[in-house]
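*Asks:* This one is query.txt, compact mmCIF, C-alpha atoms.
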# COMPACT_ATOMS: atom_id res chain seq x y z
CA MET A 1116 4.35 21.02 -17.93
CA LEU A 1117 3.79 17.28 -17.73
CA LEU A 1118 6.33 15.02 -16.05
CA LEU A 1119 6.24 11.55 -17.65
CA VAL A 1120 8.19 9.12 -15.46
CA GLY A 1121 9.16 5.61 -16.51
CA LEU A 1122 10.29 3.33 -13.70
CA GLY A 1123 13.04 0.73 -14.04
CA ASN A 1124 16.61 -0.13 -13.14
CA PRO A 1125 19.57 1.26 -15.11
CA GLY A 1126 22.05 -0.76 -17.16
CA PRO A 1127 21.93 -3.46 -19.84
CA ARG A 1128 21.53 -6.29 -17.30
CA HIS A 1129 18.07 -5.01 -16.35
CA ALA A 1130 16.94 -3.67 -19.74
CA ALA A 1131 14.63 -6.57 -20.72
CA GLN A 1132 13.27 -7.36 -17.23
CA ARG A 1133 9.59 -7.15 -16.28
CA HIS A 1134 10.41 -4.50 -13.65
CA ASN A 1135 11.65 -2.25 -16.49
CA VAL A 1136 8.44 -2.06 -18.50
CA GLY A 1137 8.05 1.57 -17.37
CA PHE A 1138 11.38 2.44 -19.01
CA MET A 1139 10.27 0.57 -22.16
CA ALA A 1140 6.97 2.48 -22.34
CA VAL A 1141 8.57 5.91 -21.95
CA ASP A 1142 11.37 5.07 -24.41
CA LEU A 1143 8.82 4.28 -27.11
CA LEU A 1144 6.65 7.29 -26.22
CA VAL A 1145 9.68 9.59 -26.61
CA ARG A 1146 10.56 8.10 -30.01
CA ARG A 1147 6.97 8.11 -31.27
CA HIS A 1148 6.32 11.77 -30.39
CA GLY A 1149 9.66 13.20 -31.53
CA PHE A 1150 11.06 14.23 -28.15
CA SER A 1151 14.66 15.45 -27.86
CA ALA A 1152 17.59 13.10 -27.32
CA TRP A 1153 18.04 11.80 -23.78
CA ARG A 1154 20.46 13.73 -21.54
CA LYS A 1155 21.58 13.33 -17.95
CA ARG A 1156 19.73 15.43 -15.37
CA PHE A 1157 17.96 15.08 -12.01
CA GLN A 1158 19.82 11.83 -11.17
CA GLY A 1159 18.29 10.37 -14.29
CA GLU A 1160 17.86 10.80 -18.02
CA VAL A 1161 15.44 13.35 -19.46
CA ALA A 1162 13.97 14.09 -22.88
CA GLU A 1163 11.76 17.05 -23.78
CA GLY A 1164 8.85 17.34 -26.16
CA THR A 1165 5.13 17.97 -26.39
CA LEU A 1166 2.04 15.82 -25.94
CA ASP A 1167 -1.24 17.12 -27.33
CA GLY A 1168 0.28 20.62 -27.45
CA GLN A 1169 1.49 20.53 -23.84
CA ARG A 1170 5.15 20.75 -22.88
CA ALA A 1171 6.33 17.47 -21.44
CA LEU A 1172 9.47 16.21 -19.74
CA ALA A 1173 10.12 12.46 -19.87
CA LEU A 1174 12.26 11.12 -17.02
CA LYS A 1175 13.93 7.78 -16.37
CA PRO A 1176 15.44 7.77 -12.84
CA MET A 1177 18.92 6.20 -12.81
CA THR A 1178 18.93 5.78 -9.02
CA TYR A 1179 17.75 2.14 -9.10
CA MET A 1180 14.09 1.42 -8.51
CA ASN A 1181 14.03 1.70 -4.71
CA ASP A 1182 15.31 5.32 -4.78
CA SER A 1183 13.21 6.56 -7.72
CA GLY A 1184 11.64 9.29 -5.60
CA GLN A 1185 14.93 11.19 -5.30
CA SER A 1186 15.04 11.77 -9.04
CA VAL A 1187 11.31 12.38 -9.52
CA GLY A 1188 11.14 14.77 -6.56
CA GLU A 1189 14.11 16.77 -7.82
CA ALA A 1190 12.61 17.19 -11.32
CA ALA A 1191 9.12 18.05 -10.02
CA ARG A 1192 10.42 20.67 -7.58
CA PHE A 1193 12.79 22.27 -10.09
CA HIS A 1194 10.05 22.73 -12.70
CA LYS A 1195 7.32 23.42 -10.10
CA ILE A 1196 5.17 20.65 -11.56
CA ALA A 1197 1.85 19.99 -9.83
CA LEU A 1198 1.27 16.43 -8.63
CA SER A 1199 -1.73 16.16 -10.97
CA ASP A 1200 0.71 16.67 -13.90
CA VAL A 1201 3.02 13.84 -12.82
CA ILE A 1202 2.34 10.56 -14.64
CA VAL A 1203 4.29 7.46 -13.62
CA PHE A 1204 4.47 4.38 -15.89
CA HIS A 1205 5.25 1.18 -13.98
CA ASP A 1206 4.84 -2.59 -13.81
CA GLU A 1207 1.84 -3.94 -11.89
CA LEU A 1208 1.74 -7.44 -10.43
CA ASP A 1209 -1.96 -7.25 -9.61
CA LEU A 1210 -3.04 -6.84 -13.23
CA ALA A 1211 -3.06 -9.61 -15.83
CA PRO A 1212 -0.31 -9.40 -18.46
CA GLY A 1213 -1.20 -6.78 -21.05
CA LYS A 1214 -3.88 -5.00 -18.99
CA VAL A 1215 -3.35 -1.25 -18.51
CA ARG A 1216 -5.09 0.88 -15.89
CA VAL A 1217 -4.73 4.55 -14.92
CA LYS A 1218 -5.36 5.63 -11.35
CA THR A 1219 -4.64 8.60 -9.13
CA GLY A 1220 -3.33 8.10 -5.61
CA GLY A 1221 -3.76 4.95 -3.55
CA GLY A 1222 -1.23 2.69 -1.90
CA ALA A 1223 2.08 1.48 -3.31
CA GLY A 1224 0.86 -2.13 -3.53
CA GLY A 1225 4.30 -3.46 -2.60
CA HIS A 1226 6.03 -1.56 -5.45
CA ASN A 1227 9.21 -0.05 -4.02
CA GLY A 1228 9.58 2.58 -6.76
CA ILE A 1229 6.06 3.87 -6.11
CA ARG A 1230 6.62 3.74 -2.35
CA ASP A 1231 9.72 5.93 -2.67
CA ILE A 1232 7.97 8.47 -4.92
CA ASP A 1233 5.15 8.63 -2.35
CA ALA A 1234 7.74 9.36 0.36
CA HIS A 1235 9.26 12.24 -1.63
CA LEU A 1236 6.16 13.76 -3.24
CA GLY A 1237 3.00 12.40 -1.63
CA ASN A 1238 0.80 9.99 -3.54
CA ASP A 1239 -1.67 12.21 -5.41
CA TYR A 1240 -0.11 11.68 -8.84
CA ARG A 1241 -1.32 9.54 -11.73
CA ARG A 1242 -0.04 6.03 -12.37
CA VAL A 1243 -0.22 4.11 -15.63
CA ARG A 1244 -0.16 0.56 -14.28
CA ILE A 1245 1.08 -1.96 -16.85
CA GLY A 1246 0.05 -5.51 -15.94
CA ILE A 1247 2.78 -8.14 -15.84
CA GLY A 1248 0.81 -10.80 -13.92
CA HIS A 1249 1.71 -12.42 -10.60
CA PRO A 1250 3.94 -15.48 -10.14
CA GLY A 1251 1.42 -16.96 -7.68
CA HIS A 1252 3.21 -16.59 -4.34
CA LYS A 1253 4.77 -13.55 -2.67
CA ASP A 1254 8.07 -15.41 -2.15
CA LEU A 1255 8.45 -15.67 -5.93
CA VAL A 1256 7.84 -11.97 -6.66
CA TYR A 1257 11.43 -10.71 -6.37
CA GLY A 1258 12.81 -13.23 -8.85
CA TYR A 1259 9.82 -12.82 -11.16
CA VAL A 1260 10.03 -9.05 -11.61
CA LEU A 1261 13.80 -9.24 -12.16
CA GLN A 1262 13.44 -11.89 -14.88
CA ASP A 1263 13.49 -10.93 -18.54
CA PHE A 1264 10.16 -11.04 -20.32
CA SER A 1265 9.74 -14.49 -21.86
CA LYS A 1266 10.05 -15.04 -25.61
CA ALA A 1267 6.31 -15.72 -25.76
CA GLU A 1268 5.54 -12.38 -24.03
CA ARG A 1269 7.92 -10.50 -26.33
CA GLU A 1270 6.21 -12.02 -29.37
CA SER A 1271 2.62 -11.50 -28.20
CA TRP A 1272 1.19 -8.90 -25.86
CA LEU A 1273 4.25 -6.84 -24.83
CA PRO A 1274 4.94 -5.01 -28.14
CA ARG A 1275 1.20 -4.42 -28.64
CA VAL A 1276 0.87 -2.85 -25.17
CA LEU A 1277 3.92 -0.62 -25.54
CA ASP A 1278 2.81 0.50 -28.99
CA ALA A 1279 -0.72 1.26 -27.77
CA ILE A 1280 0.53 3.26 -24.75
CA ALA A 1281 2.85 5.32 -26.96
CA SER A 1282 0.25 6.02 -29.65
CA GLU A 1283 -2.55 6.96 -27.22
CA ALA A 1284 -0.41 8.90 -24.69
CA PRO A 1285 -1.72 12.31 -25.88
CA LEU A 1286 -5.08 11.40 -24.29
CA LEU A 1287 -3.34 11.56 -20.89
CA ALA A 1288 -2.29 15.17 -21.45
CA SER A 1289 -5.69 16.64 -20.54
CA GLY A 1290 -5.26 15.53 -16.93
CA GLY A 1291 -8.97 14.76 -16.70
CA LYS A 1292 -10.87 11.61 -15.89
CA VAL A 1293 -12.42 11.57 -19.36
CA GLY A 1294 -8.98 11.56 -21.02
CA ASP A 1295 -7.77 8.79 -18.72
CA GLU A 1296 -10.87 6.69 -19.45
CA LYS A 1297 -10.46 7.21 -23.20
CA PHE A 1298 -6.79 6.24 -22.93
CA MET A 1299 -7.62 2.99 -21.14
CA SER A 1300 -10.38 2.17 -23.60
CA ARG A 1301 -8.23 2.88 -26.68
CA VAL A 1302 -5.28 0.89 -25.31
CA ALA A 1303 -7.52 -2.09 -24.50
CA HIS A 1304 -9.00 -1.94 -28.01
CA LEU A 1305 -5.57 -1.84 -29.67
CA VAL A 1306 -4.13 -4.63 -27.52
CA ASN A 1307 -7.12 -6.95 -28.00
CA PRO A 1308 -9.09 -5.73 -31.02
CA PRO A 1309 -12.60 -7.18 -31.22
CA PRO A 1310 -13.02 -9.90 -33.85
CA GLU A 1311 -14.24 -8.65 -37.20
CA LYS A 1312 -17.92 -9.28 -37.83
CA PRO A 1313 -18.46 -11.81 -40.61
CA ASP A 1314 -19.56 -10.34 -43.91
CA LYS A 1315 -23.25 -11.19 -44.33
CA LYS A 1316 -23.18 -10.78 -48.09
CA GLY A 1317 -21.82 -14.28 -48.68
Show how you would write the structure in this file as structure tokens.
*Replies:*
Amino acid sequence: MLLLVGLGNPGPRHAAQRHNVGFMAVDLLVRRHGFSAWRKRFQGEVAEGTLDGQRALALKPMTYMNDSGQSVGEAARFHKIALSDVIVFHDELDLAPGKVRVKTGGGAGGHNGIRDIDAHLGNDYRRVRIGIGHPGHKDLVYGYVLQDFSKAERESWLPRVLDAIASEAPLLASGGKVGDEKFMSRVAHLVNPPPEKPDKKG
């Protein structure tokens, strides 16, 4: 079974904030692939479905970001899910807005949700890092991630990224490097399609 975790903070006040892009990605993935309705479990909300023929459990921790590991750890232990089958979708300051990268393991990079999951599970799980850009100085980070996405972002790259992640998510189900590479390549292509070659016939 796959465990697909979206990170964010609960409640309408946080719903449109940059820090909640993980929730947004998993919400759309669940709708796109016909998962069950959300229900309360594991200190969060869960929905069940399949990705590329594999059983999958989507999870949005409702513990607030800094305690995400409590919810993720509970779900992973209950279902005996291997760390290699845990995929966490989260915002990434160190990637330009709209860039998406998949990686396994590594440090938390200052992300408190990732740090808490590391503390509860170890760090050898996969992360789908969704770039939100950096405000330019570390003192501005807290306010930046808890700001709503701007109107310009909501009308440009954000819906394209979320749509691409949802449509190409089955490529992540294989758990292999090839699938992850294909996912990144397909998402990049959908977010920024190459310009059409001019028709030479004219």
*Asks:* Pick out the residues sitting within 12 Å of Lys1266 (chain A), and hand them over as a ChimeraX atom specification; count only C-alpha atoms, and ignore anything fewer than 5 positions along from it in its own chain.
*Replies:* /A:1131-1132,1271-1274
*Asks:* Put those residues in a file: C-alpha atoms, as a short mmCIF file (atom, residue, chain, number, x, y, z; two decimals), in the coordinates of the input.
*Replies:*
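Listed below is the output, selection-v1.cif:
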data_model
loop_
_atom_site.label_atom_id
_atom_site.label_comp_id
_atom_site.auth_asym_id
_atom_site.auth_seq_id
_atom_site.Cartn_x
_atom_site.Cartn_y
_atom_site.Cartn_z
CA ALA A 1131 14.63 -6.57 -20.72
CA GLN A 1132 13.27 -7.36 -17.23
CA SER A 1271 2.62 -11.50 -28.20
CA TRP A 1272 1.19 -8.90 -25.86
CA LEU A 1273 4.25 -6.84 -24.83
CA PRO A 1274 4.94 -5.01 -28.14
#
*Asks:* For the point (8.9, 12.3, -34.2) in the file's frame, write as a PyMOL selection string all residues with an atom no more than 12 Å away, counting all atoms listed in the file.
*Replies:* chain A and resi 1143-1152+1163-1166+1281-1282
*Asks:* Could you please take those selected residues and save C-alpha atoms as a PDB file, in the coordinates of the input?
*Replies:*
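So the final result, stored in out.pdb, reads:
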ATOM      1  CA  LEU A1143       8.820   4.280 -27.110  1.00  0.00           C
ATOM      2  CA  LEU A1144       6.650   7.290 -26.220  1.00  0.00           C
ATOM      3  CA  VAL A1145       9.680   9.590 -26.610  1.00  0.00           C
ATOM      4  CA  ARG A1146      10.560   8.100 -30.010  1.00  0.00           C
ATOM      5  CA  ARG A1147       6.970   8.110 -31.270  1.00  0.00           C
ATOM      6  CA  HIS A1148       6.320  11.770 -30.390  1.00  0.00           C
ATOM      7  CA  GLY A1149       9.660  13.200 -31.530  1.00  0.00           C
ATOM      8  CA  PHE A1150      11.060  14.230 -28.150  1.00  0.00           C
ATOM      9  CA  SER A1151      14.660  15.450 -27.860  1.00  0.00           C
ATOM     10  CA  ALA A1152      17.590  13.100 -27.320  1.00  0.00           C
ATOM     11  CA  GLU A1163      11.760  17.050 -23.780  1.00  0.00           C
ATOM     12  CA  GLY A1164       8.850  17.340 -26.160  1.00  0.00           C
ATOM     13  CA  THR A1165       5.130  17.970 -26.390  1.00  0.00           C
ATOM     14  CA  LEU A1166       2.040  15.820 -25.940  1.00  0.00           C
ATOM     15  CA  ALA A1281       2.850   5.320 -26.960  1.00  0.00           C
ATOM     16  CA  SER A1282       0.250   6.020 -29.650  1.00  0.00           C
TER      17      SER A1282
END
*Asks:* Determine, counting all atoms listed in the file, which protein, DNA and RNA residues have an atom within 10 Å of an atom of Leu1122 (chain A); residues of the same chain fewer than 5 positions away are not included. Present the result as a compact mmCIF listing (two decimals) with C-alpha atoms, in the frame of the given file.
*Replies:*
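This went into around-v9.txt:
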# COMPACT_ATOMS: atom_id res chain seq x y z
CA HIS A 1134 10.41 -4.50 -13.65
CA ASN A 1135 11.65 -2.25 -16.49
CA VAL A 1136 8.44 -2.06 -18.50
CA GLY A 1137 8.05 1.57 -17.37
CA PHE A 1138 11.38 2.44 -19.01
CA MET A 1139 10.27 0.57 -22.16
CA ALA A 1140 6.97 2.48 -22.34
CA VAL A 1141 8.57 5.91 -21.95
CA LEU A 1174 12.26 11.12 -17.02
CA LYS A 1175 13.93 7.78 -16.37
CA PRO A 1176 15.44 7.77 -12.84
CA MET A 1177 18.92 6.20 -12.81
CA TYR A 1179 17.75 2.14 -9.10
CA MET A 1180 14.09 1.42 -8.51
CA ASN A 1181 14.03 1.70 -4.71
CA SER A 1183 13.21 6.56 -7.72
CA VAL A 1203 4.29 7.46 -13.62
CA PHE A 1204 4.47 4.38 -15.89
CA HIS A 1205 5.25 1.18 -13.98
CA ASP A 1206 4.84 -2.59 -13.81
CA GLY A 1228 9.58 2.58 -6.76
CA ILE A 1229 6.06 3.87 -6.11
*Asks:* One decimal, Å: what's the distance from CA of Tyr1259 (chain A) over to CA of Thr1178 (chain A), could you say?
*Replies:* 20.8 Å
*Asks:* Can I get the residues of region 1177-1211 of chain A within 12 Å of region 1283-1293 of chain A, each with the closest pair of atoms and their distance in Å to one decimal, using only C-alpha atoms, sorted chain first then ascending number, as a tab-separated table?
*Replies:*
residue	atom	partner	partner_atom	distance
A:Ala1197	CA	A:Gly1290	CA	11.0
A:Leu1198	CA	A:Gly1290	CA	10.6
A:Ser1199	CA	A:Gly1290	CA	7.0
A:Asp1200	CA	A:Gly1290	CA	6.8
A:Val1201	CA	A:Gly1290	CA	9.4
A:Ile1202	CA	A:Leu1287	CA	8.5
A:Val1203	CA	A:Leu1287	CA	11.3
A:Phe1204	CA	A:Ala1284	CA	11.0
*Asks:* CA of Arg1301 (chain A) to CA of Arg1241 (chain A): how many Å, to one decimal?
*Replies:*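 So the answer is 17.8 Å.
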*Asks:* Take CA of Gly1222 (chain A) and CA of Gly1246 (chain A) and report the distance between them in Å, one decimal.
*Replies:*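 Going from CA of Gly1222 (chain A) over to CA of Gly1246 (chain A), I get 16.3 Å.
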*Asks:* Return the single residue from A:Arg1128, A:Gly1248, A:Arg1192, A:Asp1231 that is closest to Ala1211 (chain A), with distances computed using all atoms listed in the file.
*Replies:*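 Ranking A:Arg1128, A:Gly1248, A:Arg1192, A:Asp1231 by distance to Ala1211 (chain A), first place goes to A:Gly1248.
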*Asks:* Restricting the calculation to all atoms listed in the file, which member of A:Pro1308, A:Gly1220, A:Gly1225, A:Pro1127 is positioned closest to Tyr1240 (chain A)?
*Replies:*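 Looking only at the distances to Tyr1240 (chain A), the closest residue turns out to be A:Gly1220.
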*Asks:* So, with only C-alpha atoms as the atoms that count, which of A:Lys1214, A:His1304, A:His1235, A:Arg1275 lies closest to Glu1189 (chain A)?
*Replies:*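 Distance minimum relative to Glu1189 (chain A) lands on A:His1235.
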*Asks:* I need the residue nearest Leu1210 (chain A) from this list: A:Val1187, A:Ile1247, A:Ala1173, A:Ala1130. Use all atoms listed in the file for the distance.
*Replies:*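 Closest residue, counting all atoms listed in the file: A:Ile1247.
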